[in-house]
Amino acid sequence: MSHEIRGSLLRRHRDFRLLWCGETTGKFGTSVTAVAMPLIAVSTLHASTWEVGLLSASAWLPWLVIGLPVGAWVDRVRRRPVMLTAAAVSCLLFSVVPVAAWTGHLNVGLLVVIALLTGTAAVFFQTAYTAYLPSILAPEDQPEGNAKLHGSASAAQIAGLGSAGLIGQTVGVVNAMFANAATFLLSLLCVASIRKREPRRDRTAVRSTALLDEVGEGLRLVARDPWLRTLTLFGAASNLALMGYQSIQVIFLVHTVGLAPGAVGGLIAAAGTGGIAGASVARRVAGRIGTARATLLFELGFAIFALLIPAASAGAGLLLFVMGGFCVSAGVVAGNVIKANFQQRYCPPELLGRLTASTAFLNYGTIPLGALLGGWLGTVFDLRTAMWITTAGVPLAALILLFSPIGRSRDLPMVPRSRSAPGQKHPRPSPSPQSPLA
């Protein structure tokens, strides 16, 4: 990738640079939390396996409970104030954990409540952020912006996973939550410094229909459109399989492969570097071969390498795990970049919030199911067999794309048929600058 593509937008667009910085630091903090919260529950509060599972599920539950109405509501208001409020709430809530520990009030119940509330804030922030990005970037800059945001998010998540243990060892796992709170404070400051303001919503222009009707409109938008429906069904199936093996990969590496517990995080982080590579090549590949074909290449072609993961063994056999995880991560993130570009151009701006919420509701809803499936398979069969079954689901899920309009197209459409001129067929983007996991 050329120097111009790698750095031009960050150099010349101050508001995007601030949004990029805020989102990246937030992803880093979230990754630290994903390790620190369960460690607090296990090492400090001596929580049971069920309690740790409940803690993990609590962070995703808000997507199922409020994800749909939040998407409709975000389409009625300015998105930047929503992001600021969500970041401030997360900062305060994560600061509560060490304070509660100092005062002797920390318990598993409080951790679950904090996970629920910060998960709720994440629903508001992510939904508003996805709908907000097109308002500060011109359409021709959105592909590069999405690639940079997804690439930096992958790098931040890898760094967060890799450094969470180090931070915990240095200051203690409870005090490590201050580091996470600080990332949300930085995110808050960055978003607050963005100069461009969204136009104030005209109250007379806001439809008087009930919020429930707008939620239904978002779901109908996904159900009726073959492109959105395909990508959403694929995202749900893919997340089921991905979480199925990811939920048991740690215990697989320790108990079956024989890896030392201290080395697990580094190995998983090494496999996750594929996400950075995927984000960096997604636009170039899509521009060369077409967005639909690139989606198939990344989501199906790269997914086949997931079958290397359960073949991992001690010593040099660990390379199979890294190679398989690298390819899966690269394919998922590259596919996310393409999908994000497609949705932001394809969906009418006034519907983007509820589209984001509808797809997130359906996609994230399978995450806890995948975790339960992986755990159940790990108890019914041995861990290696469970890993074979769940990783096989990754490329199988991509067959949804192959036997859909995506499998018969070179490019994803720019606009829905209903927005084309009368009698005009779907316009096909030319193979120029941009020709995005669910």
# chains A, B, ... in the order shown; residues from 1 in each chain; ligands from 1
call {"tool": "select_by_dssp", "arguments": {"residues": "segment 209-280 of chain A", "states": "alpha helix (DSSP H)", "output": "NGL selection string"}}
result
:A and (211-224 or 226-246 or 249-251 or 261-272 or 274-280)
call {"tool": "residues_around", "arguments": {"residues": "Ser358 of chain A", "least_positions_apart": "6", "cutoff": "12 Å", "atoms": "only C-alpha atoms", "output": "number ranges by chain"}}
result
A: 63-72, 123, 127, 214-223, 228-229, 232-233, 235-236, 351-352, 364-365
call {"tool": "write_last_selection", "arguments": {"atoms": "C-alpha atoms", "output": "tab-separated table (two decimals), in the first residue's frame"}}
result
chain	number	residue	atom	x	y	z
A	63	TRP	CA	-27.39	-5.57	22.59
A	64	LEU	CA	-30.26	-8.05	22.81
A	65	VAL	CA	-32.37	-5.97	25.20
A	66	ILE	CA	-31.98	-2.38	23.96
A	67	GLY	CA	-30.03	-2.61	20.71
A	68	LEU	CA	-33.04	-2.20	18.42
A	69	PRO	CA	-34.72	0.81	20.11
A	70	VAL	CA	-31.34	2.52	20.54
A	71	GLY	CA	-30.76	2.32	16.80
A	72	ALA	CA	-34.11	3.98	16.06
A	123	VAL	CA	-24.48	-0.06	22.60
A	127	THR	CA	-24.45	2.66	17.26
A	214	GLU	CA	-39.06	2.67	13.58
A	215	VAL	CA	-37.54	-0.45	15.13
A	216	GLY	CA	-39.72	-2.51	12.83
A	217	GLU	CA	-38.62	-0.39	9.90
A	218	GLY	CA	-34.99	-1.24	10.63
A	219	LEU	CA	-35.75	-4.96	10.76
A	220	ARG	CA	-37.81	-4.78	7.57
A	221	LEU	CA	-34.96	-2.95	5.87
A	222	VAL	CA	-32.69	-5.92	6.62
A	223	ALA	CA	-35.29	-8.59	5.86
A	228	LEU	CA	-28.34	-6.62	3.74
A	229	ARG	CA	-30.19	-9.84	4.55
A	232	THR	CA	-26.66	-10.17	8.36
A	233	LEU	CA	-27.42	-13.89	8.19
A	235	GLY	CA	-22.68	-12.41	10.36
A	236	ALA	CA	-24.95	-14.27	12.76
A	351	LEU	CA	-31.76	4.94	8.45
A	352	LEU	CA	-28.13	4.12	9.23
A	364	TYR	CA	-24.34	-10.18	18.47
A	365	GLY	CA	-27.29	-12.28	19.58
call {"tool": "atom_distance", "arguments": {"atom1": "atom CA of Ser329 of chain A", "atom2": "atom CA of Ala292 of chain A"}}
result
18.8 Å
call {"tool": "closest_residue", "arguments": {"among": "A:Leu402, A:Ala182, A:Ile136, A:Leu19", "to": "Lys196 of chain A", "atoms": "only C-alpha atoms"}}
result
A:Ile136
call {"tool": "residues_around", "arguments": {"residues": "segment 311-317 of chain A", "least_positions_apart": "4", "cutoff": "9 Å", "atoms": "only C-alpha atoms", "output": "list in words"}}
result
Leu253, Thr256, Val257, Gly258, Leu259, Leu307, Phe321, Val322, Arg384 and Trp388 of chain A
call {"tool": "closest_residue", "arguments": {"among": "A:Trp376, A:Phe381, A:Phe403, A:Phe16", "to": "Lys148 of chain A", "atoms": "only C-alpha atoms"}}
result
A:Phe16
call {"tool": "closest_residue", "arguments": {"among": "A:Ser280, A:Ser58, A:Thr33, A:Thr130", "to": "Gly109 of chain A", "atoms": "only C-alpha atoms"}}
result
A:Ser58
call {"tool": "closest_residue", "arguments": {"among": "A:Thr25, A:Thr391, A:Ser409, A:Gln343", "to": "Ile304 of chain A", "atoms": "only C-alpha atoms"}}
result
A:Thr391
call {"tool": "atom_distance", "arguments": {"atom1": "atom CA of Trp227 of chain A", "atom2": "atom CA of Pro413 of chain A"}}
result
8.5 Å
call {"tool": "residues_around", "arguments": {"residues": "Leu54 of chain A", "least_positions_apart": "3", "cutoff": "12 Å", "atoms": "only C-alpha atoms", "output": "PyMOL selection string"}}
result
chain A and resi 37-38+41+47-51+57-61+108-109+111-113+115-116+368+371-372
call {"tool": "write_last_selection", "arguments": {"atoms": "N, CA and C atoms", "output": "mmCIF file, in the first residue's frame"}}
result
data_model
loop_
_atom_site.group_PDB
_atom_site.id
_atom_site.type_symbol
_atom_site.label_atom_id
_atom_site.label_comp_id
_atom_site.auth_asym_id
_atom_site.auth_seq_id
_atom_site.Cartn_x
_atom_site.Cartn_y
_atom_site.Cartn_z
ATOM 1 N N MET A 37 -11.391 -8.067 33.994
ATOM 2 C CA MET A 37 -12.616 -8.340 34.760
ATOM 3 C C MET A 37 -12.721 -9.807 35.173
ATOM 4 N N PRO A 38 -12.523 -10.777 34.239
ATOM 5 C CA PRO A 38 -12.549 -12.170 34.692
ATOM 6 C C PRO A 38 -11.436 -12.495 35.682
ATOM 7 N N ALA A 41 -12.563 -11.391 39.034
ATOM 8 C CA ALA A 41 -13.580 -12.315 39.557
ATOM 9 C C ALA A 41 -12.959 -13.601 40.083
ATOM 10 N N ALA A 47 -14.566 -16.318 42.208
ATOM 11 C CA ALA A 47 -15.848 -16.606 41.580
ATOM 12 C C ALA A 47 -15.858 -17.998 40.977
ATOM 13 N N SER A 48 -17.053 -18.550 40.857
ATOM 14 C CA SER A 48 -17.209 -19.866 40.239
ATOM 15 C C SER A 48 -17.184 -19.735 38.723
ATOM 16 N N THR A 49 -17.096 -20.879 38.039
ATOM 17 C CA THR A 49 -17.090 -20.875 36.583
ATOM 18 C C THR A 49 -18.370 -20.265 36.039
ATOM 19 N N TRP A 50 -19.494 -20.585 36.674
ATOM 20 C CA TRP A 50 -20.776 -20.039 36.228
ATOM 21 C C TRP A 50 -20.800 -18.525 36.396
ATOM 22 N N GLU A 51 -20.272 -18.027 37.488
ATOM 23 C CA GLU A 51 -20.256 -16.583 37.723
ATOM 24 C C GLU A 51 -19.377 -15.863 36.710
ATOM 25 N N ALA A 57 -21.186 -12.829 29.768
ATOM 26 C CA ALA A 57 -22.436 -12.675 29.020
ATOM 27 C C ALA A 57 -23.083 -11.317 29.275
ATOM 28 N N SER A 58 -22.874 -10.749 30.454
ATOM 29 C CA SER A 58 -23.522 -9.486 30.813
ATOM 30 C C SER A 58 -23.109 -8.344 29.902
ATOM 31 N N ALA A 59 -21.875 -8.385 29.404
ATOM 32 C CA ALA A 59 -21.406 -7.307 28.536
ATOM 33 C C ALA A 59 -22.125 -7.293 27.190
ATOM 34 N N TRP A 60 -22.633 -8.464 26.755
ATOM 35 C CA TRP A 60 -23.305 -8.556 25.460
ATOM 36 C C TRP A 60 -24.818 -8.487 25.567
ATOM 37 N N LEU A 61 -25.363 -8.729 26.754
ATOM 38 C CA LEU A 61 -26.813 -8.768 26.920
ATOM 39 C C LEU A 61 -27.507 -7.476 26.493
ATOM 40 N N VAL A 108 -18.973 -10.007 43.217
ATOM 41 C CA VAL A 108 -19.302 -10.454 41.862
ATOM 42 C C VAL A 108 -20.554 -9.755 41.357
ATOM 43 N N GLY A 109 -21.532 -9.570 42.227
ATOM 44 C CA GLY A 109 -22.760 -8.888 41.820
ATOM 45 C C GLY A 109 -22.494 -7.493 41.295
ATOM 46 N N LEU A 111 -19.665 -6.436 39.966
ATOM 47 C CA LEU A 111 -18.990 -6.575 38.668
ATOM 48 C C LEU A 111 -20.003 -6.840 37.549
ATOM 49 N N VAL A 112 -20.997 -7.669 37.836
ATOM 50 C CA VAL A 112 -22.010 -7.974 36.825
ATOM 51 C C VAL A 112 -22.808 -6.712 36.481
ATOM 52 N N VAL A 113 -23.165 -5.941 37.495
ATOM 53 C CA VAL A 113 -23.908 -4.700 37.260
ATOM 54 C C VAL A 113 -23.077 -3.735 36.410
ATOM 55 N N ALA A 115 -20.666 -4.535 34.349
ATOM 56 C CA ALA A 115 -20.591 -5.095 33.000
ATOM 57 C C ALA A 115 -21.857 -4.786 32.211
ATOM 58 N N LEU A 116 -23.015 -4.891 32.865
ATOM 59 C CA LEU A 116 -24.286 -4.583 32.196
ATOM 60 C C LEU A 116 -24.358 -3.111 31.797
ATOM 61 N N PRO A 368 -23.430 -15.101 22.633
ATOM 62 C CA PRO A 368 -23.580 -15.952 23.822
ATOM 63 C C PRO A 368 -23.981 -17.377 23.484
ATOM 64 N N ALA A 371 -20.831 -19.223 22.628
ATOM 65 C CA ALA A 371 -20.059 -19.559 23.825
ATOM 66 C C ALA A 371 -20.648 -20.774 24.532
ATOM 67 N N LEU A 372 -21.977 -20.809 24.625
ATOM 68 C CA LEU A 372 -22.628 -21.962 25.255
ATOM 69 C C LEU A 372 -22.411 -23.222 24.425
#
call {"tool": "atom_distance", "arguments": {"atom1": "atom CA of Ala122 of chain A", "atom2": "atom CA of Ala360 of chain A"}}
result
11.8 Å
call {"tool": "residues_around", "arguments": {"residues": "Val333 of chain A", "least_positions_apart": "3", "cutoff": "6 Å", "atoms": "only C-alpha atoms", "output": "PyMOL selection string"}}
result
chain A and resi 275+278-279+330+336+437
call {"tool": "write_last_selection", "arguments": {"atoms": "all heavy atoms", "output": "PDB file, in the first residue's frame"}}
result
ATOM      1  N   GLY A 275      -5.567  -9.364  11.783  1.00  0.00           N
ATOM      2  CA  GLY A 275      -6.542  -8.301  11.613  1.00  0.00           C
ATOM      3  C   GLY A 275      -5.921  -7.037  11.043  1.00  0.00           C
ATOM      4  O   GLY A 275      -6.535  -6.335  10.225  1.00  0.00           O
ATOM      5  N   GLY A 278      -5.311  -7.697   7.380  1.00  0.00           N
ATOM      6  CA  GLY A 278      -6.559  -7.677   6.630  1.00  0.00           C
ATOM      7  C   GLY A 278      -7.061  -6.274   6.365  1.00  0.00           C
ATOM      8  O   GLY A 278      -7.500  -5.947   5.250  1.00  0.00           O
ATOM      9  N   ALA A 279      -6.979  -5.410   7.378  1.00  0.00           N
ATOM     10  CA  ALA A 279      -7.431  -4.029   7.200  1.00  0.00           C
ATOM     11  C   ALA A 279      -6.575  -3.280   6.186  1.00  0.00           C
ATOM     12  O   ALA A 279      -7.077  -2.426   5.438  1.00  0.00           O
ATOM     13  CB  ALA A 279      -7.412  -3.304   8.545  1.00  0.00           C
ATOM     14  N   ALA A 330      -7.494 -12.046   9.679  1.00  0.00           N
ATOM     15  CA  ALA A 330      -7.333 -11.209   8.488  1.00  0.00           C
ATOM     16  C   ALA A 330      -8.607 -11.187   7.659  1.00  0.00           C
ATOM     17  O   ALA A 330      -9.051 -10.128   7.192  1.00  0.00           O
ATOM     18  CB  ALA A 330      -6.166 -11.716   7.644  1.00  0.00           C
ATOM     19  N   ASN A 336     -14.970  -6.913   7.322  1.00  0.00           N
ATOM     20  CA  ASN A 336     -15.629  -5.828   8.043  1.00  0.00           C
ATOM     21  C   ASN A 336     -15.403  -4.480   7.368  1.00  0.00           C
ATOM     22  O   ASN A 336     -16.299  -3.638   7.328  1.00  0.00           O
ATOM     23  CB  ASN A 336     -15.111  -5.771   9.485  1.00  0.00           C
ATOM     24  CG  ASN A 336     -15.922  -6.638  10.420  1.00  0.00           C
ATOM     25  OD1 ASN A 336     -17.001  -7.068  10.081  1.00  0.00           O
ATOM     26  ND2 ASN A 336     -15.386  -6.893  11.591  1.00  0.00           N
ATOM     27  N   LEU A 437     -16.067  -7.792  11.574  1.00  0.00           N
ATOM     28  CA  LEU A 437     -16.817  -8.996  11.196  1.00  0.00           C
ATOM     29  C   LEU A 437     -18.147  -8.616  11.566  1.00  0.00           C
ATOM     30  O   LEU A 437     -18.370  -8.059  12.558  1.00  0.00           O
ATOM     31  CB  LEU A 437     -16.195 -10.053  11.999  1.00  0.00           C
ATOM     32  CG  LEU A 437     -16.946 -11.239  12.424  1.00  0.00           C
ATOM     33  CD1 LEU A 437     -18.177 -11.493  12.779  1.00  0.00           C
ATOM     34  CD2 LEU A 437     -15.971 -12.187  12.669  1.00  0.00           C
TER      35      LEU A 437
END
call {"tool": "residues_around", "arguments": {"residues": "Ser247 of chain A", "least_positions_apart": "3", "cutoff": "8 Å", "atoms": "only C-alpha atoms", "output": "number ranges by chain"}}
result
A: 243-244, 250, 370-371, 374-375
call {"tool": "closest_residue", "arguments": {"among": "A:Pro310, A:Gly145, A:Gly325, A:Gly290", "to": "Leu267 of chain A", "atoms": "only C-alpha atoms"}}
result
A:Gly325
call {"tool": "closest_residue", "arguments": {"among": "A:Ala100, A:Val281, A:Ala131, A:Ala176", "to": "Cys347 of chain A", "atoms": "only C-alpha atoms"}}
result
A:Ala131
call {"tool": "decode", "arguments": {"residues": "segment 358-373 of chain A", "atoms": "N, CA, C and O atoms", "output": "mmCIF file, in the first residue's frame"}}
result
data_model
loop_
_atom_site.group_PDB
_atom_site.id
_atom_site.type_symbol
_atom_site.label_atom_id
_atom_site.label_comp_id
_atom_site.auth_asym_id
_atom_site.auth_seq_id
_atom_site.Cartn_x
_atom_site.Cartn_y
_atom_site.Cartn_z
ATOM 1 N N SER A 358 -30.103 -2.995 14.086
ATOM 2 C CA SER A 358 -30.773 -4.233 13.674
ATOM 3 C C SER A 358 -29.771 -5.327 13.354
ATOM 4 O O SER A 358 -29.930 -6.479 13.777
ATOM 5 N N THR A 359 -28.727 -4.982 12.592
ATOM 6 C CA THR A 359 -27.729 -5.986 12.266
ATOM 7 C C THR A 359 -26.937 -6.404 13.505
ATOM 8 O O THR A 359 -26.618 -7.581 13.667
ATOM 9 N N ALA A 360 -26.635 -5.450 14.387
ATOM 10 C CA ALA A 360 -25.912 -5.790 15.610
ATOM 11 C C ALA A 360 -26.746 -6.691 16.501
ATOM 12 O O ALA A 360 -26.241 -7.643 17.111
ATOM 13 N N PHE A 361 -28.042 -6.413 16.589
ATOM 14 C CA PHE A 361 -28.933 -7.246 17.397
ATOM 15 C C PHE A 361 -28.904 -8.689 16.912
ATOM 16 O O PHE A 361 -28.801 -9.631 17.708
ATOM 17 N N LEU A 362 -28.990 -8.881 15.605
ATOM 18 C CA LEU A 362 -29.012 -10.233 15.048
ATOM 19 C C LEU A 362 -27.631 -10.880 15.089
ATOM 20 O O LEU A 362 -27.505 -12.077 15.361
ATOM 21 N N ASN A 363 -26.582 -10.104 14.825
ATOM 22 C CA ASN A 363 -25.237 -10.674 14.812
ATOM 23 C C ASN A 363 -24.723 -10.966 16.212
ATOM 24 O O ASN A 363 -24.189 -12.040 16.485
ATOM 25 N N TYR A 364 -24.857 -10.001 17.117
ATOM 26 C CA TYR A 364 -24.342 -10.182 18.470
ATOM 27 C C TYR A 364 -25.186 -11.151 19.285
ATOM 28 O O TYR A 364 -24.729 -11.702 20.279
ATOM 29 N N GLY A 365 -26.432 -11.354 18.856
ATOM 30 C CA GLY A 365 -27.287 -12.279 19.576
ATOM 31 C C GLY A 365 -26.790 -13.711 19.548
ATOM 32 O O GLY A 365 -27.116 -14.509 20.435
ATOM 33 N N THR A 366 -25.988 -14.054 18.539
ATOM 34 C CA THR A 366 -25.468 -15.423 18.462
ATOM 35 C C THR A 366 -24.172 -15.603 19.250
ATOM 36 O O THR A 366 -23.702 -16.726 19.396
ATOM 37 N N ILE A 367 -23.585 -14.507 19.742
ATOM 38 C CA ILE A 367 -22.321 -14.617 20.464
ATOM 39 C C ILE A 367 -22.470 -15.432 21.752
ATOM 40 O O ILE A 367 -21.707 -16.380 21.975
ATOM 41 N N PRO A 368 -23.430 -15.101 22.633
ATOM 42 C CA PRO A 368 -23.580 -15.952 23.822
ATOM 43 C C PRO A 368 -23.981 -17.377 23.484
ATOM 44 O O PRO A 368 -23.592 -18.326 24.172
ATOM 45 N N LEU A 369 -24.755 -17.562 22.414
ATOM 46 C CA LEU A 369 -25.124 -18.919 21.997
ATOM 47 C C LEU A 369 -23.893 -19.697 21.556
ATOM 48 O O LEU A 369 -23.766 -20.896 21.850
ATOM 49 N N GLY A 370 -22.975 -19.019 20.850
ATOM 50 C CA GLY A 370 -21.748 -19.676 20.431
ATOM 51 C C GLY A 370 -20.890 -20.088 21.612
ATOM 52 O O GLY A 370 -20.292 -21.171 21.620
ATOM 53 N N ALA A 371 -20.831 -19.223 22.628
ATOM 54 C CA ALA A 371 -20.059 -19.559 23.825
ATOM 55 C C ALA A 371 -20.648 -20.774 24.532
ATOM 56 O O ALA A 371 -19.925 -21.674 24.978
ATOM 57 N N LEU A 372 -21.977 -20.809 24.625
ATOM 58 C CA LEU A 372 -22.628 -21.962 25.255
ATOM 59 C C LEU A 372 -22.411 -23.222 24.425
ATOM 60 O O LEU A 372 -22.186 -24.311 24.976
ATOM 61 N N LEU A 373 -22.481 -23.078 23.103
ATOM 62 C CA LEU A 373 -22.278 -24.234 22.231
ATOM 63 C C LEU A 373 -20.871 -24.792 22.386
ATOM 64 O O LEU A 373 -20.682 -26.014 22.499
#
